[in-house]
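Structure file work.cif; described as mmCIF, C-alpha atoms and all ligand atoms.
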```cif
data_protein
#
loop_
_atom_site.label_atom_id
_atom_site.label_comp_id
_atom_site.auth_asym_id
_atom_site.auth_seq_id
_atom_site.Cartn_x
_atom_site.Cartn_y
_atom_site.Cartn_z
CA MET A 1 -3.09 -13.67 18.34
CA SER A 2 -1.18 -16.27 16.43
CA ASP A 3 -3.13 -18.36 13.92
CA LEU A 4 -3.80 -21.75 15.52
CA LYS A 5 -3.15 -23.65 12.30
CA PHE A 6 0.27 -22.12 11.80
CA ASP A 7 2.85 -21.68 14.50
CA PHE A 8 4.82 -18.51 13.89
CA ASP A 9 5.41 -17.91 17.60
CA THR A 10 7.87 -20.72 18.28
CA ILE A 11 11.43 -19.53 17.84
CA VAL A 12 13.18 -21.80 15.35
CA ASP A 13 16.92 -22.00 15.95
CA ARG A 14 18.58 -21.28 12.61
CA ARG A 15 22.15 -21.34 13.85
CA ASN A 16 24.57 -23.93 12.47
CA THR A 17 22.55 -24.33 9.26
CA ASN A 18 24.90 -22.26 7.04
CA CYS A 19 22.33 -19.53 7.47
CA GLY A 20 23.07 -16.23 5.73
CA ARG A 21 21.32 -14.39 8.55
CA TRP A 22 22.24 -16.18 11.79
CA ASP A 23 25.59 -17.81 11.01
CA THR A 24 27.43 -14.81 9.58
CA MET A 25 27.22 -12.40 12.50
CA ASP A 26 30.69 -13.04 13.82
CA LYS A 27 32.17 -12.05 10.48
CA LYS A 28 29.86 -9.06 10.03
CA TYR A 29 29.56 -7.72 13.56
CA GLY A 30 32.32 -9.43 15.54
CA SER A 31 29.79 -11.19 17.77
CA ASN A 32 27.65 -14.31 17.51
CA GLU A 33 25.44 -13.33 20.39
CA LEU A 34 23.12 -10.90 18.64
CA ILE A 35 19.45 -11.18 17.81
CA HIS A 36 19.68 -10.52 14.12
CA LEU A 37 16.90 -8.44 12.59
CA GLY A 38 18.85 -7.53 9.46
CA VAL A 39 18.92 -9.83 6.41
CA ALA A 40 15.56 -9.86 4.62
CA ASP A 41 14.29 -13.37 5.05
CA MET A 42 11.72 -14.68 7.52
CA ASP A 43 12.52 -16.75 10.60
CA PHE A 44 9.45 -18.92 9.89
CA ARG A 45 9.38 -22.46 8.53
CA ALA A 46 8.14 -22.57 4.94
CA PRO A 47 4.57 -23.77 4.21
CA GLN A 48 4.10 -27.52 4.66
CA PRO A 49 3.10 -28.27 1.02
CA ILE A 50 6.48 -26.89 -0.10
CA ILE A 51 8.33 -28.96 2.50
CA ASP A 52 6.37 -32.06 1.41
CA GLY A 53 7.21 -31.33 -2.24
CA PHE A 54 10.91 -31.14 -1.37
CA GLN A 55 10.62 -34.36 0.62
CA GLN A 56 9.29 -36.16 -2.45
CA CYS A 57 12.30 -34.97 -4.45
CA VAL A 58 14.66 -36.11 -1.70
CA ASP A 59 12.97 -39.50 -1.41
CA HIS A 60 13.31 -40.03 -5.14
CA GLY A 61 17.03 -39.62 -4.68
CA ILE A 62 17.99 -38.52 -8.17
CA PHE A 63 19.00 -34.89 -8.50
CA GLY A 64 19.39 -34.55 -12.24
CA TYR A 65 19.10 -31.51 -14.50
CA THR A 66 15.67 -29.98 -14.22
CA ASP A 67 13.42 -28.17 -16.68
CA LEU A 68 10.47 -25.88 -16.19
CA ASN A 69 7.12 -27.60 -16.68
CA GLU A 70 3.67 -26.33 -17.65
CA ALA A 71 2.58 -26.25 -14.00
CA PHE A 72 5.40 -23.82 -13.22
CA TYR A 73 4.07 -21.31 -15.75
CA ASP A 74 0.39 -21.93 -15.01
CA SER A 75 0.81 -21.49 -11.26
CA PHE A 76 2.59 -18.13 -11.58
CA ILE A 77 0.18 -16.89 -14.26
CA SER A 78 -2.83 -17.74 -12.12
CA TRP A 79 -1.27 -16.19 -8.99
CA MET A 80 -0.63 -12.91 -10.82
CA LYS A 81 -4.23 -12.92 -12.04
CA ARG A 82 -5.77 -13.91 -8.70
CA LYS A 83 -3.70 -11.70 -6.44
CA HIS A 84 -2.70 -8.77 -8.61
CA ALA A 85 -5.19 -8.70 -11.51
CA ALA A 86 -2.24 -8.80 -13.92
CA ASP A 87 -2.41 -10.75 -17.19
CA VAL A 88 0.79 -12.61 -17.91
CA LYS A 89 1.30 -14.85 -20.92
CA LYS A 90 3.47 -17.93 -20.79
CA GLU A 91 5.75 -16.75 -23.59
CA GLU A 92 6.48 -13.52 -21.69
CA ILE A 93 8.12 -15.39 -18.79
CA LEU A 94 11.85 -16.11 -18.61
CA PHE A 95 13.40 -18.09 -15.80
CA CYS A 96 16.40 -16.52 -14.07
CA PRO A 97 17.85 -17.95 -10.84
CA ARG A 98 18.03 -14.69 -8.90
CA ILE A 99 16.76 -11.16 -9.23
CA ASN A 100 20.23 -10.01 -8.24
CA ILE A 101 21.43 -11.69 -11.43
CA SER A 102 18.61 -10.43 -13.63
CA SER A 103 19.07 -6.78 -12.60
CA SER A 104 22.72 -7.02 -13.57
CA VAL A 105 21.95 -8.83 -16.84
CA CYS A 106 19.38 -6.15 -17.64
CA VAL A 107 21.95 -3.37 -17.16
CA GLU A 108 24.48 -5.26 -19.29
CA THR A 109 22.01 -6.05 -22.04
CA PHE A 110 20.29 -2.70 -22.43
CA THR A 111 23.04 -0.17 -21.71
CA GLN A 112 26.63 0.54 -22.73
CA PRO A 113 29.54 1.83 -20.66
CA GLY A 114 29.03 5.59 -20.48
CA ASP A 115 25.23 5.26 -20.31
CA SER A 116 23.44 6.20 -17.13
CA VAL A 117 20.80 4.33 -15.17
CA ILE A 118 18.22 5.87 -12.84
CA ILE A 119 17.79 4.49 -9.36
CA ASN A 120 15.99 5.88 -6.33
CA THR A 121 17.96 6.28 -3.12
CA PRO A 122 17.98 5.01 -0.43
CA ALA A 123 18.48 1.87 -2.54
CA TYR A 124 18.69 -1.88 -2.00
CA GLY A 125 22.44 -2.50 -2.43
CA PRO A 126 22.49 -5.16 -5.17
CA LEU A 127 20.18 -3.06 -7.40
CA TYR A 128 22.59 -0.14 -7.05
CA ASN A 129 25.57 -2.45 -7.60
CA ALA A 130 24.01 -3.76 -10.80
CA ILE A 131 24.77 -0.30 -12.19
CA VAL A 132 28.17 0.48 -10.72
CA LYS A 133 29.65 -3.02 -10.99
CA ASN A 134 28.82 -2.97 -14.70
CA ASN A 135 30.65 0.37 -14.98
CA ARG A 136 27.54 2.34 -15.86
CA ASP A 137 26.80 5.77 -14.41
CA VAL A 138 24.22 6.18 -11.69
CA LEU A 139 21.61 8.88 -12.19
CA GLU A 140 20.52 9.20 -8.60
CA SER A 141 16.91 10.04 -7.95
CA ARG A 142 16.59 10.77 -4.25
CA LEU A 143 13.27 9.91 -2.68
CA VAL A 144 11.64 12.99 -1.23
CA LEU A 145 9.99 12.90 2.16
CA GLU A 146 6.65 14.70 2.26
CA ASN A 147 4.19 14.42 5.13
CA ASP A 148 6.00 11.37 6.48
CA ARG A 149 5.77 9.59 3.13
CA TYR A 150 8.46 9.10 0.51
CA ARG A 151 7.73 9.98 -3.11
CA ILE A 152 9.66 9.84 -6.38
CA ASP A 153 10.65 13.28 -7.70
CA LEU A 154 10.06 13.11 -11.45
CA ASP A 155 10.40 16.91 -11.81
CA HIS A 156 13.97 16.66 -10.58
CA LEU A 157 14.60 13.72 -12.90
CA GLU A 158 13.37 15.82 -15.84
CA GLU A 159 16.11 18.31 -14.98
CA ILE A 160 18.98 15.84 -14.69
CA ILE A 161 18.16 13.19 -17.30
CA THR A 162 20.53 13.11 -20.31
CA PRO A 163 20.38 11.48 -23.75
CA ASP A 164 22.69 8.78 -22.35
CA THR A 165 20.13 7.71 -19.74
CA LYS A 166 18.78 4.32 -20.91
CA LEU A 167 17.27 2.48 -17.98
CA PHE A 168 15.16 3.12 -14.86
CA ILE A 169 15.59 0.62 -12.03
CA LEU A 170 12.51 0.73 -9.84
CA CYS A 171 12.05 -1.13 -6.57
CA SER A 172 8.32 -1.75 -6.22
CA PRO A 173 7.38 -2.08 -3.36
CA HIS A 174 10.39 -0.18 -2.15
CA ASN A 175 13.08 -1.77 0.00
CA PRO A 176 14.04 -0.18 2.40
CA VAL A 177 11.44 2.60 2.81
CA GLY A 178 8.38 0.34 2.55
CA ARG A 179 6.40 2.37 0.03
CA VAL A 180 3.94 0.59 -2.27
CA TRP A 181 3.70 2.88 -5.27
CA THR A 182 0.15 3.73 -6.30
CA LYS A 183 -1.23 3.14 -9.78
CA GLU A 184 -1.01 6.90 -10.41
CA GLU A 185 2.65 7.05 -9.35
CA LEU A 186 3.52 3.99 -11.44
CA THR A 187 1.72 5.40 -14.44
CA GLU A 188 3.68 8.66 -14.12
CA ILE A 189 6.96 6.73 -13.89
CA GLY A 190 5.92 4.62 -16.88
CA GLU A 191 4.97 7.68 -18.92
CA PHE A 192 8.29 9.28 -18.02
CA CYS A 193 10.02 6.16 -19.38
CA VAL A 194 7.92 6.22 -22.55
CA LYS A 195 8.72 9.91 -23.07
CA HIS A 196 12.48 9.34 -22.68
CA GLN A 197 12.53 5.88 -24.27
CA LEU A 198 13.89 4.20 -21.15
CA ILE A 199 13.59 0.53 -20.32
CA LEU A 200 11.82 0.15 -16.96
CA PHE A 201 13.21 -2.65 -14.76
CA SER A 202 10.68 -3.16 -11.98
CA ASP A 203 11.81 -5.35 -9.08
CA GLU A 204 8.54 -6.64 -7.62
CA ILE A 205 9.94 -9.30 -5.28
CA HIS A 206 8.16 -7.70 -2.29
CA GLY A 207 4.85 -7.30 -4.15
CA ASP A 208 2.91 -9.95 -2.24
CA ILE A 209 3.48 -8.57 1.25
CA THR A 210 1.40 -5.49 1.89
CA ALA A 211 0.03 -3.78 4.97
CA PRO A 212 -3.75 -3.71 5.61
CA GLY A 213 -5.49 -1.24 3.34
CA THR A 214 -2.64 -1.10 0.83
CA HIS A 215 -3.05 -2.55 -2.62
CA PHE A 216 0.03 -3.57 -4.62
CA VAL A 217 -0.14 -2.67 -8.30
CA SER A 218 2.14 -4.59 -10.63
CA THR A 219 3.58 -2.53 -13.46
CA LEU A 220 2.34 -5.38 -15.66
CA SER A 221 -1.19 -4.07 -15.22
CA LEU A 222 -0.33 -0.64 -16.66
CA GLN A 223 -1.21 0.52 -20.17
CA GLU A 224 0.28 -1.26 -23.19
CA GLU A 225 2.76 1.44 -24.23
CA ILE A 226 4.36 1.20 -20.77
CA ARG A 227 4.24 -2.60 -20.79
CA GLN A 228 6.27 -2.56 -23.98
CA LEU A 229 9.21 -1.02 -22.08
CA LEU A 230 8.98 -3.31 -19.08
CA VAL A 231 11.27 -5.89 -17.58
CA VAL A 232 9.54 -7.12 -14.42
CA ALA A 233 11.39 -9.28 -11.92
CA ALA A 234 9.28 -11.43 -9.61
CA SER A 235 9.72 -14.39 -7.32
CA PRO A 236 7.88 -16.41 -4.66
CA THR A 237 10.99 -16.46 -2.45
CA LYS A 238 10.18 -13.54 -0.14
CA THR A 239 6.48 -14.36 0.05
CA PHE A 240 6.92 -18.00 1.08
CA ASN A 241 10.32 -17.69 2.77
CA ILE A 242 12.27 -19.86 0.33
CA PRO A 243 15.11 -17.57 -0.87
CA GLY A 244 17.65 -20.39 -0.39
CA VAL A 245 15.90 -22.24 -3.22
CA ILE A 246 17.25 -19.65 -5.70
CA LEU A 247 14.32 -18.94 -7.95
CA SER A 248 13.04 -15.93 -9.83
CA TYR A 249 11.66 -15.00 -13.23
CA LEU A 250 11.35 -12.08 -15.54
CA VAL A 251 8.20 -11.03 -17.32
CA ILE A 252 8.97 -9.11 -20.51
CA PRO A 253 5.95 -8.35 -22.69
CA ASN A 254 8.00 -6.97 -25.61
CA SER A 255 9.39 -9.86 -27.68
CA GLU A 256 12.50 -8.00 -28.92
CA LEU A 257 13.56 -7.02 -25.42
CA ARG A 258 12.82 -10.53 -24.26
CA LYS A 259 14.98 -12.08 -26.95
CA LYS A 260 17.91 -9.87 -26.00
CA ILE A 261 17.69 -10.90 -22.36
CA GLN A 262 17.15 -14.55 -23.29
CA ASP A 263 20.31 -14.47 -25.44
CA ASP A 264 22.32 -13.07 -22.54
CA ILE A 265 20.90 -15.59 -20.10
CA ASP A 266 21.88 -18.34 -22.56
CA ARG A 267 25.32 -16.81 -23.05
CA ILE A 268 26.10 -17.14 -19.37
CA GLY A 269 24.52 -20.58 -19.14
CA MET A 270 21.82 -19.85 -16.59
CA HIS A 271 18.90 -21.70 -18.12
CA ASN A 272 18.13 -24.60 -15.77
CA PRO A 273 16.41 -24.17 -12.42
CA THR A 274 17.51 -26.21 -9.42
CA ILE A 275 15.54 -29.39 -8.84
CA PHE A 276 13.72 -27.78 -5.90
CA ALA A 277 12.79 -24.56 -7.67
CA VAL A 278 10.05 -25.93 -9.91
CA THR A 279 8.34 -27.78 -7.07
CA ALA A 280 8.66 -24.73 -4.83
CA ALA A 281 6.98 -22.37 -7.30
CA GLU A 282 4.18 -24.76 -8.15
CA LYS A 283 3.36 -25.61 -4.53
CA ALA A 284 3.72 -22.02 -3.33
CA TYR A 285 1.34 -20.59 -5.89
CA THR A 286 -1.29 -23.32 -5.74
CA GLU A 287 -1.40 -24.83 -2.24
CA CYS A 288 -0.22 -22.19 0.19
CA ASP A 289 -2.82 -19.39 0.15
CA ASP A 290 -3.82 -20.10 3.76
CA TRP A 291 -0.19 -19.91 4.96
CA TYR A 292 0.28 -16.71 2.97
CA ASP A 293 -2.82 -15.10 4.52
CA ALA A 294 -1.73 -16.18 7.99
CA VAL A 295 1.85 -14.97 7.65
CA THR A 296 0.67 -11.62 6.30
CA ASP A 297 -1.63 -11.23 9.32
CA TYR A 298 1.18 -12.20 11.68
CA ILE A 299 3.53 -9.63 10.14
CA ASN A 300 0.82 -6.97 10.45
CA GLU A 301 0.40 -7.85 14.11
CA ASN A 302 4.19 -7.71 14.56
CA GLU A 303 4.14 -4.22 13.16
CA ALA A 304 1.39 -3.15 15.56
CA TYR A 305 3.32 -4.70 18.45
CA THR A 306 6.55 -2.97 17.39
CA ARG A 307 4.85 0.41 17.08
CA SER A 308 3.26 0.20 20.48
CA TYR A 309 6.49 -1.05 22.12
CA PHE A 310 8.57 1.72 20.60
CA ALA A 311 5.98 4.40 21.39
CA GLU A 312 6.10 3.38 25.03
CA HIS A 313 9.80 2.60 25.55
CA MET A 314 11.80 4.26 22.76
CA PRO A 315 9.58 7.10 21.57
CA GLU A 316 12.41 9.13 20.02
CA ILE A 317 12.76 6.49 17.31
CA HIS A 318 10.23 7.28 14.62
CA ILE A 319 8.80 4.45 12.54
CA TYR A 320 7.72 5.44 9.03
CA PRO A 321 4.44 4.08 7.70
CA ARG A 322 4.88 0.60 6.25
CA GLU A 323 2.79 0.00 3.15
CA GLY A 324 4.61 -3.15 2.05
CA THR A 325 7.53 -5.53 2.76
CA TYR A 326 8.21 -6.98 6.22
CA LEU A 327 10.82 -4.34 6.91
CA LEU A 328 10.37 -1.27 9.08
CA TRP A 329 12.27 1.90 8.23
CA MET A 330 12.98 3.88 11.37
CA ASP A 331 14.38 7.37 11.85
CA TYR A 332 16.59 7.98 14.87
CA SER A 333 17.65 11.56 14.13
CA ARG A 334 15.96 12.79 17.32
CA LEU A 335 18.47 10.76 19.32
CA ASN A 336 21.36 13.00 18.41
CA CYS A 337 23.90 10.24 17.81
CA THR A 338 25.93 9.25 14.78
CA GLU A 339 25.42 6.07 12.82
CA GLU A 340 28.75 4.75 14.10
CA GLU A 341 27.71 5.39 17.73
CA LEU A 342 24.33 3.79 17.21
CA GLU A 343 25.78 0.72 15.52
CA LYS A 344 28.24 0.25 18.40
CA TRP A 345 25.34 0.57 20.85
CA PHE A 346 23.31 -2.03 18.97
CA ILE A 347 26.13 -4.54 18.85
CA GLU A 348 27.89 -4.00 22.16
CA LYS A 349 25.04 -2.90 24.45
CA ALA A 350 21.71 -4.05 23.04
CA HIS A 351 23.13 -7.17 21.32
CA VAL A 352 20.75 -6.72 18.43
CA GLY A 353 21.69 -6.60 14.74
CA VAL A 354 19.82 -4.29 12.35
CA TYR A 355 20.78 -2.72 9.02
CA MET A 356 22.21 0.75 9.42
CA GLY A 357 20.82 3.27 6.94
CA THR A 358 23.96 3.80 4.89
CA VAL A 359 23.82 0.16 3.77
CA PHE A 360 21.28 1.73 1.40
CA ARG A 361 23.63 4.56 0.35
CA GLU A 362 24.24 7.91 1.97
CA GLU A 363 20.56 8.85 1.61
CA GLY A 364 19.76 6.26 4.26
CA ARG A 365 21.85 7.93 6.96
CA GLY A 366 19.78 8.69 10.05
CA CYS A 367 17.63 5.58 9.63
CA ILE A 368 17.78 1.87 10.38
CA ARG A 369 15.95 -1.04 8.79
CA VAL A 370 14.39 -3.63 11.07
CA ASN A 371 13.10 -6.98 9.81
CA ILE A 372 9.90 -7.91 11.67
CA ALA A 373 9.31 -11.33 10.03
CA SER A 374 10.24 -13.22 13.19
CA SER A 375 8.49 -14.82 16.11
CA ARG A 376 6.93 -12.09 18.25
CA ASN A 377 8.73 -13.66 21.23
CA LEU A 378 12.06 -13.02 19.53
CA LEU A 379 11.11 -9.43 18.65
CA LYS A 380 10.03 -8.90 22.25
CA GLN A 381 13.39 -10.18 23.46
CA ALA A 382 15.26 -7.91 21.03
CA TYR A 383 13.19 -4.83 21.93
CA GLU A 384 13.57 -5.52 25.65
CA GLN A 385 17.34 -5.75 25.22
CA MET A 386 17.25 -2.40 23.43
CA ALA A 387 14.97 -0.76 25.98
CA SER A 388 17.11 -1.94 28.90
CA VAL A 389 20.09 0.09 27.65
CA TYR A 390 18.16 2.83 25.88
CA SER A 391 18.97 5.40 28.54
CA GLU A 392 22.69 5.09 27.62
CA LEU A 393 21.80 6.12 24.11
CA LYS A 394 19.55 8.98 25.14
CA ALA A 395 22.19 10.31 27.51
CA LYS A 396 24.64 10.81 24.68
C1 LIG A 401 14.33 -5.53 -3.51
C2 LIG A 401 15.02 -6.85 -3.55
N1 LIG A 401 15.36 -7.37 -4.73
C3 LIG A 401 15.98 -8.56 -4.82
C4 LIG A 401 16.33 -9.27 -3.69
C5 LIG A 401 17.07 -10.56 -3.81
O1 LIG A 401 16.45 -11.39 -4.75
P1 LIG A 401 17.17 -12.72 -5.20
O2 LIG A 401 17.37 -13.54 -3.97
O3 LIG A 401 16.21 -13.34 -6.17
O4 LIG A 401 18.46 -12.32 -5.82
C6 LIG A 401 15.99 -8.76 -2.43
C7 LIG A 401 16.37 -9.46 -1.19
O5 LIG A 401 16.41 -8.89 -0.13
C8 LIG A 401 15.33 -7.50 -2.36
O6 LIG A 401 14.97 -6.96 -1.19
#
```
Could I get this file's structure written as structure tokens?
Amino acid sequence: MSDLKFDFDTIVDRRNTNCGRWDTMDKKYGSNELIHLGVADMDFRAPQPIIDGFQQCVDHGIFGYTDLNEAFYDSFISWMKRKHAADVKKEEILFCPRINISSSVCVETFTQPGDSVIINTPAYGPLYNAIVKNNRDVLESRLVLENDRYRIDLDHLEEIITPDTKLFILCSPHNPVGRVWTKEELTEIGEFCVKHQLILFSDEIHGDITAPGTHFVSTLSLQEEIRQLLVVAASPTKTFNIPGVILSYLVIPNSELRKKIQDDIDRIGMHNPTIFAVTAAEKAYTECDDWYDAVTDYINENEAYTRSYFAEHMPEIHIYPREGTYLLWMDYSRLNCTEEELEKWFIEKAHVGVYMGTVFREEGRGCIRVNIASSRNLLKQAYEQMASVYSELKAK
């Protein structure tokens, strides 16, 4: 049941708004007529206090250079304490417009050409690209599937790590597989980094969205010797559906590491937030708890709906457990079709857009990623379109 105070059921038309999700399908898929469950943003309107905050800026009518204020820091610090029991100090926080910039800056700052960087695959593309586009070597750590659950294989990493390995890029929670790493797992990863003197870049953008019964642990709450190697990237943009605002920050407890990153951020002139970013962060973290609780519930219900629909109508597609994110990672290997065949079926027959597994590197082959942060009515429409032509796929 949808929360009466918040309307997530109504389908909001996002076309013709320069939307990265709904207005780019022709270019990406050769058709504008798809229901697009790919790009990782929500189809929901942002919380009203954020919209009202933006309205005040617009009404003022002056869009000058903007600085961070005390409220910006206080609101994030209190959110991390309230929601994740993590202590963050103001001086540890650096503003950076996007995590996709900060991951690249981190690679540039802390490694040299010829060094290698660890990343788990399947991997979110821009995190992987932060390594290869900076001409560093990838030390690929494939996630291992055990009892339907992915885990990080540190024993294998012990075998392949070299003295040139300098950085570990962790996605926590993990996009696309939906794992929320436990405190024990994170501690093991942290201790591995301490042992090999690696910087640990932890992308925690999905940290606020967890499934019932799952508890997100920020690496910032780990022991001090691990904290001293940390560069944590966080943002309210996924949580409150404001990624177009362009807003993220880094938390770096170690002052020397922080200074190095700060110098690089200054070098490329990325210090000022947009005029909307400060308002967005402050409002999101102080006035939107009820929206956040409601949207989390709605996503959980969407997952339950998706599971029951697939079990009944498309049972060969296996949905992995979702511990966090609003993305479902699904395995279609029982369907006996190639990725190319499946993609063609999605676009030309089902008229639904999803991310094919190899978007997340070769390790993703055999899976798709489906974004469930949409009106349930829209999901229903998409699943019905799929189910109506499912027999064509099964007959292959
Ligand atoms: C794991 C992860 N990191 C970073 C981003 C993008 O963050 P930003 O918009 O701050 O660059 C995304 C967006 O999908 C993501 O899933």
Can you pull out every residue with an atom within 6 Å of ligand LIG 401 (chain A)? Use only C-alpha atoms and all ligand atoms and format it as a list in words. Ala40, Arg98, Ile99, Asn100, Tyr124, Cys171, Asn175, Asp203, Ile205, Pro243 and Ser248 of chain A
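Shortest atom-to-atom contact with A:Ser172 among A:Ile101, A:Leu139, A:Cys337, A:Leu220: A:Leu220, counting all atoms listed in the file.
Going from atom CA of A:Asp59 to atom CA of A:Tyr249 covers 27.2 Å.
For the pair atom CA of A:Ser116 and atom CA of A:Met270, the interatomic distance is 26.1 Å.
Coordinates place atom CA of A:Glu158 at a distance of 16.5 Å from atom CA of A:Asp115.
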Tell me which protein, DNA and RNA residues are within 12 Å of A:Leu342, counting all atoms listed in the file, leaving out same-chain ones fewer than 2 positions away, and put them as a PyMOL selection string. chain A and resi 317+331-333+335-340+344-357+365-368+386+389-390+392-394+396
Exercise: A:Pro273 partners within 10 Å, all atoms listed in the file, chain neighbours under 5 positions left out, as a PyMOL selection string: chain A and resi 65-68+95-97+245-248+278
I want to know what sits within 7 Å of stretch 148-152 of chain A, based on only C-alpha atoms, with residues of the same chain fewer than 4 positions away left out; could you give that as a ChimeraX atom specification? /A:143-144,320
